[in-house]
4 protein chains.
Amino acid sequence: MKETLIRKIKDIALRDPVLVEGLPGVGHVGKLVADHMVEALKADKIIEIYSPHFPPQVLVKNDGTIKQVRNEIYAYKGRDSEPDMLLLIGDYQSATNEGHYELTGIFLDIAQEFGVKRIYALGGYGTGQFVDKPTVLGAVNRHELVEEMKHYGVVFNENEPGGGIVGASGLLLGLGKLKGIDAICIIGVTSGYIVDPKEAQEVLRVLSKALRLEVGMQALEDRAKEMEKIIGKLQEMEKAQSPYEVTSDEDLRYIG
Amino acid sequence: MKETLIRKIKDIALRDPVLVEGLPGVGHVGKLVADHMVEALKADKIIEIYSPHFPPQVLVKNDGTIKQVRNEIYAYKGRDSEPDMLLLIGDYQSATNEGHYELTGIFLDIAQEFGVKRIYALGGYGTGQFVDKPTVLGAVNRHELVEEMKHYGVVFNENEPGGGIVGASGLLLGLGKLKGIDAICIIGVTSGYIVDPKEAQEVLRVLSKALRLEVGMQALEDRAKEMEKIIGKLQEMEKAQSPYEVTSDEDLRYIG
Amino acid sequence: MKETLIRKIKDIALRDPVLVEGLPGVGHVGKLVADHMVEALKADKIIEIYSPHFPPQVLVKNDGTIKQVRNEIYAYKGRDSEPDMLLLIGDYQSATNEGHYELTGIFLDIAQEFGVKRIYALGGYGTGQFVDKPTVLGAVNRHELVEEMKHYGVVFNENEPGGGIVGASGLLLGLGKLKGIDAICIIGVTSGYIVDPKEAQEVLRVLSKALRLEVGMQALEDRAKEMEKIIGKLQEMEKAQSPYEVTSDEDLRYIG
Amino acid sequence: MKETLIRKIKDIALRDPVLVEGLPGVGHVGKLVADHMVEALKADKIIEIYSPHFPPQVLVKNDGTIKQVRNEIYAYKGRDSEPDMLLLIGDYQSATNEGHYELTGIFLDIAQEFGVKRIYALGGYGTGQFVDKPTVLGAVNRHELVEEMKHYGVVFNENEPGGGIVGASGLLLGLGKLKGIDAICIIGVTSGYIVDPKEAQEVLRVLSKALRLEVGMQALEDRAKEMEKIIGKLQEMEKAQSPYEVTSDEDLRYIG
């Protein structure tokens, strides 16, 4: 397999679908949201994408069967006033720079085939500190989208996210602009140390408003509670190890 | 040489052959088994594969002649009730991610030309500790194969092997599934510190049962005894160096 | 996007234009000069170049909109006796060796289409020490150009720049020679620790003489003054931290 | 420039030429010998090879002009009983694995065009220790060549060179064998710490015998004497710095 393989699983007709991308990234914020949406909305898998730019790896599931690492596109036909959607999820992003460009080009070609006019790219922005007040930052590829996104609670700060946006989320905005597709990056501010289902809920809240779509959050809430227990234990352990130092949230090191 | 070169050495007709892959990997478990089978069964070399994805290197043999690093496929015509086999061995696996995908694609194309319906990919799983009780783990690319492999002594544990399976063994299962070829990974649990002919024997025992094939093991036994002597010496040396610490098996560091 | 994309923005006719390259590099000397020229001369953007060899990244601007990282070519129609010019600027150089060759090949093809007969490649040479006396070094791809450049204040020293010239500036000279295009590298000697607008002014002075072109320098001067304040503060901080050591300019560490 | 460029400089007819390769490597032994031969024999440059697999770099010469890094092939028409020769030299070897395969393929294609039936690949083998007794090791790609090379003073030791032969020298033997071209690697044993003109003389002595060719060695002798002075000074400096330790040759650290 020298070339990226696009494997069609199912034919489906969608009306002006919105593309939501949630590939792995900082704090897995985008992945948590998009994986959750696929499950909660019972979306249909329509495309699998295999690529030499992914790690040469299979995952082993609990029943002993394997899964070749890949990206997947799911389709959701909106009920009533809900929009139709394509959901892009996956095990990995490209392992190479060139692969990011190739794969995002493929994502955009698929989006154009389905008549996508708007993309929501979900991501996380790691601050290196545990975050008290949840914030959802934004970046857009057309100026008019800034005001619209502010209505949904997205914050636009100068110099944030610093360093720009790297990977599929960034390129969906950048290369999407070249193709005339509106694209918005919704970015959960997270520590970057752990998988962050709490911040994922914030991102989902904003996205739901933007999409005028209701998605139950129970599963994300459960994961967030679990994660809080883990963080609590880690902090206790750290205190126990360094009795003479005051251990603040900020001292936690990278754990996942 | 910009492209991978498939050099046919010999024509041979096989009946529904099984492909056994034993390229270098953790503890060289798979390589030890497959190299041993090629020798013990006097299999015929039929294909050499040269690739820019291998290191740019020749090996120098004891007589001063060289060997261009490569992968090789051997053929074995089964006697009586034995199955016909293709054996895939080599000096190296691909040095790049993309190369793993390309080369595994080539292996699968060759397998399909020969009508292969089942692949056994042999590997090692490094635990970081010297292993007392030999275990052979498994992973498969079709659910029904789990039960079958349990009959031969293969163990399926949740969360093992952690991190999935990387390289040719993994991709033979993952990409093999896309082509509808059954594939089973037989994985010897090993420390990961040393070449492990003892665990290779365990893997060969399981594989022999699965293939209904008898393969003498003397050479592997001899190597296992040699290796045990080396380990014994290393442990003595370590004790001598650190007199106040109890040196357990687990303390041995990576040596090969 | 598997291939580099050359996006024409505007058609323009130029008469024997000179190409000035100022992509990012040591001390951002070349970038500062060329960016400044584009602005001060109100040059027109005529080409955008996107490539899988750039980092997979968008920059986020202060208004929340993004910019796909790219290289750009601007055109300037000289007034009176001024020469026509192409100015090559950008956010990044190639992230891979191969990309440097491919992109420089593209730059040269574009140069040839416009009938470019001379290239000025601007760069910086990092000495690892803060520089008191500003120096502008040179390298050329045709022997006769040495004497000419000396008239404009360019210094040619044996063994400088040591290690040759790496990246687009180097290849514009090297590959340009293969195509018979005169090319001159004008190299500001800089510490390599900081963005260096002061040395950029020196390079611009030399370049202006060579091009018989006047370019106002106010913006560069302002940036230089700002930078000097920053350096001053850094030196104070360093003195405060190590009271027993005399801190000379040379002790400043990499800060940008 | 996306592809390797083969630039013919001069047409020349040769009779069964031998190819001598001396690209940069351990101790620059091969490069010293081949560069010296090109100069001493006044060979003619016939081909330049430029490649995206070389570093993206130009070298700056003492007169301020540049040289695009490249490989070069020179031709020598033997006088009297001397053989005709192609000499392959260069500034760098490929910076990538794949490039080594591509470039060696190109070298072999050129060799075949000229009817080359034998290749001498020159190299160095770094032992990590300063070498008292000069030794020239060998490796060949056809068994019969071992005895022949022993006549010229080449030593064949089991397990030497350990790790095989990497880069162009190795691949000329390995890929040359696939094309049916005899190839011999002549390997000077060197410390690996410094450029080693002394060992280069030993390699040239062996090669001259094999080629029945006389090449003056004055230039190499001069460089060897210079290098010995440098080593002497380094050893003195090291002694001065560590007065309580006996500094033997073996303690010298990597310096070039």
# chains A, B, ... in the order shown; residues from 1 in each chain; ligands from 1
$ select_by_dssp --residues "stretch 6-36 of chain A" --states "alpha helix (DSSP H)" --output "PDB file with C-alpha atoms, in the first residue's frame"
ATOM      1  CA  VAL A  29     -10.701  17.402  23.356  1.00  0.00           C
ATOM      2  CA  GLY A  30     -11.782  17.244  19.729  1.00  0.00           C
ATOM      3  CA  LYS A  31     -11.656  13.451  19.627  1.00  0.00           C
ATOM      4  CA  LEU A  32     -13.748  13.115  22.779  1.00  0.00           C
ATOM      5  CA  VAL A  33     -16.438  15.395  21.372  1.00  0.00           C
ATOM      6  CA  ALA A  34     -16.629  13.856  17.901  1.00  0.00           C
ATOM      7  CA  ASP A  35     -16.428  10.237  19.139  1.00  0.00           C
ATOM      8  CA  HIS A  36     -19.190  11.042  21.596  1.00  0.00           C
TER       9      HIS A  36
END
$ select_by_dssp --residues "stretch 93-211 of chain D" --states "strand (DSSP E or B)" --output "PyMOL selection string"
chain D and resi 118-126+136-140+155+165-166+182-190
$ write_last_selection --atoms "N, CA and C atoms" --output "mmCIF file, in the first residue's frame"
data_model
loop_
_atom_site.group_PDB
_atom_site.id
_atom_site.type_symbol
_atom_site.label_atom_id
_atom_site.label_comp_id
_atom_site.auth_asym_id
_atom_site.auth_seq_id
_atom_site.Cartn_x
_atom_site.Cartn_y
_atom_site.Cartn_z
ATOM 1 N N ARG D 118 34.520 -3.830 -13.040
ATOM 2 C CA ARG D 118 35.038 -3.946 -11.667
ATOM 3 C C ARG D 118 34.966 -2.591 -10.971
ATOM 4 N N ILE D 119 34.564 -2.632 -9.709
ATOM 5 C CA ILE D 119 34.460 -1.424 -8.893
ATOM 6 C C ILE D 119 35.333 -1.570 -7.653
ATOM 7 N N TYR D 120 36.132 -0.545 -7.361
ATOM 8 C CA TYR D 120 36.793 -0.462 -6.063
ATOM 9 C C TYR D 120 36.114 0.633 -5.247
ATOM 10 N N ALA D 121 35.480 0.223 -4.155
ATOM 11 C CA ALA D 121 34.837 1.186 -3.260
ATOM 12 C C ALA D 121 35.762 1.374 -2.067
ATOM 13 N N LEU D 122 36.171 2.631 -1.822
ATOM 14 C CA LEU D 122 37.146 2.902 -0.760
ATOM 15 C C LEU D 122 36.436 3.416 0.482
ATOM 16 N N GLY D 123 36.865 2.944 1.646
ATOM 17 C CA GLY D 123 36.205 3.391 2.862
ATOM 18 C C GLY D 123 37.100 3.320 4.071
ATOM 19 N N GLY D 124 36.546 3.698 5.196
ATOM 20 C CA GLY D 124 37.266 3.608 6.459
ATOM 21 C C GLY D 124 36.445 2.840 7.468
ATOM 22 N N TYR D 125 37.127 2.198 8.402
ATOM 23 C CA TYR D 125 36.450 1.460 9.461
ATOM 24 C C TYR D 125 36.955 1.996 10.793
ATOM 25 N N GLY D 126 36.056 2.617 11.536
ATOM 26 C CA GLY D 126 36.465 3.278 12.771
ATOM 27 C C GLY D 126 36.477 2.333 13.949
ATOM 28 N N VAL D 136 44.592 -2.787 6.244
ATOM 29 C CA VAL D 136 43.603 -2.536 5.200
ATOM 30 C C VAL D 136 42.722 -3.772 5.083
ATOM 31 N N LEU D 137 41.455 -3.603 5.463
ATOM 32 C CA LEU D 137 40.500 -4.708 5.414
ATOM 33 C C LEU D 137 39.810 -4.750 4.051
ATOM 34 N N GLY D 138 39.177 -5.884 3.775
ATOM 35 C CA GLY D 138 38.464 -6.006 2.517
ATOM 36 C C GLY D 138 37.133 -6.700 2.656
ATOM 37 N N ALA D 139 36.277 -6.469 1.671
ATOM 38 C CA ALA D 139 35.021 -7.206 1.499
ATOM 39 C C ALA D 139 34.752 -7.215 0.008
ATOM 40 N N VAL D 140 34.168 -8.305 -0.472
ATOM 41 C CA VAL D 140 33.985 -8.460 -1.918
ATOM 42 C C VAL D 140 32.594 -8.994 -2.206
ATOM 43 N N VAL D 155 43.454 -7.584 4.085
ATOM 44 C CA VAL D 155 43.243 -8.545 5.155
ATOM 45 C C VAL D 155 41.754 -8.856 5.263
ATOM 46 N N ILE D 165 28.766 -2.823 5.973
ATOM 47 C CA ILE D 165 29.242 -1.604 5.320
ATOM 48 C C ILE D 165 28.022 -0.794 4.920
ATOM 49 N N VAL D 166 28.001 0.467 5.359
ATOM 50 C CA VAL D 166 26.834 1.325 5.184
ATOM 51 C C VAL D 166 27.128 2.390 4.126
ATOM 52 N N ASP D 182 31.615 -7.058 -10.621
ATOM 53 C CA ASP D 182 32.516 -7.341 -9.506
ATOM 54 C C ASP D 182 32.788 -6.060 -8.728
ATOM 55 N N ALA D 183 32.754 -6.151 -7.400
ATOM 56 C CA ALA D 183 33.049 -4.969 -6.601
ATOM 57 C C ALA D 183 33.781 -5.369 -5.342
ATOM 58 N N ILE D 184 34.777 -4.548 -4.998
ATOM 59 C CA ILE D 184 35.648 -4.807 -3.860
ATOM 60 C C ILE D 184 35.641 -3.564 -2.980
ATOM 61 N N CYS D 185 35.447 -3.760 -1.691
ATOM 62 C CA CYS D 185 35.578 -2.637 -0.774
ATOM 63 C C CYS D 185 36.946 -2.722 -0.107
ATOM 64 N N ILE D 186 37.729 -1.658 -0.235
ATOM 65 C CA ILE D 186 39.034 -1.572 0.415
ATOM 66 C C ILE D 186 38.896 -0.587 1.562
ATOM 67 N N ILE D 187 39.130 -1.086 2.775
ATOM 68 C CA ILE D 187 38.716 -0.370 3.974
ATOM 69 C C ILE D 187 39.916 -0.093 4.875
ATOM 70 N N GLY D 188 40.267 1.178 5.009
ATOM 71 C CA GLY D 188 41.352 1.529 5.916
ATOM 72 C C GLY D 188 40.870 1.515 7.354
ATOM 73 N N VAL D 189 41.611 0.831 8.226
ATOM 74 C CA VAL D 189 41.250 0.822 9.645
ATOM 75 C C VAL D 189 41.771 2.102 10.274
ATOM 76 N N THR D 190 40.882 2.865 10.889
ATOM 77 C CA THR D 190 41.224 4.190 11.386
ATOM 78 C C THR D 190 40.518 4.417 12.714
#
$ interface_residues --of "chain C" --to "chain D" --cutoff "7 Å" --atoms "only C-alpha atoms" --output "PyMOL selection string"
chain C and resi 97-98+100-102+105+138-143+146+156+158-159+163-167+170-171+174
$ residues_around --residues "D:Lys42" --least-positions-apart "5" --cutoff "12 Å" --atoms "only C-alpha atoms" --output "list in words"
Ala34, Asp35, His36, Met37, Tyr74, Ala75, Tyr76, Lys77, Gly78, Met85, Leu87, Val215 and Gly216 of chain D
$ atom_distance --atom1 "atom CA of D:Ile9" --atom2 "atom CA of D:Ala200"
28.5 Å
$ atom_distance --atom1 "atom CA of A:Lys209" --atom2 "atom CA of A:Glu39"
18.9 Å
$ atom_distance --atom1 "atom CA of D:Gln201" --atom2 "atom CA of D:Val116"
25.0 Å
$ residues_around --residues "stretch 219-236 of chain C" --least-positions-apart "4" --cutoff "7 Å" --atoms "only C-alpha atoms" --output "PyMOL selection string"
chain C and resi 197-198+201+240
$ write_last_selection --atoms "N, CA and C atoms" --output "PDB file, in the first residue's frame"
ATOM      1  N   PRO C 197      16.955  43.585  13.784  1.00  0.00           N
ATOM      2  CA  PRO C 197      16.600  44.659  12.838  1.00  0.00           C
ATOM      3  C   PRO C 197      17.742  45.643  12.603  1.00  0.00           C
ATOM      4  N   LYS C 198      18.704  45.708  13.544  1.00  0.00           N
ATOM      5  CA  LYS C 198      19.828  46.624  13.364  1.00  0.00           C
ATOM      6  C   LYS C 198      20.707  46.140  12.210  1.00  0.00           C
ATOM      7  N   GLN C 201      19.168  46.641   8.837  1.00  0.00           N
ATOM      8  CA  GLN C 201      19.386  47.961   8.229  1.00  0.00           C
ATOM      9  C   GLN C 201      20.678  47.986   7.422  1.00  0.00           C
ATOM     10  N   ALA C 240      21.718  40.862  37.571  1.00  0.00           N
ATOM     11  CA  ALA C 240      21.052  40.710  38.872  1.00  0.00           C
ATOM     12  C   ALA C 240      21.147  39.272  39.363  1.00  0.00           C
TER      13      ALA C 240
END
$ closest_residue --among "C:Leu175, C:Ala111, C:Val20, C:Ile12" --to "C:Leu204" --atoms "only C-alpha atoms"
C:Val20
$ residues_around --residues "B:Glu82" --least-positions-apart "4" --cutoff "8 Å" --atoms "only C-alpha atoms" --output "list in words"
Gly78, Leu211, Arg212 and Leu213 of chain B
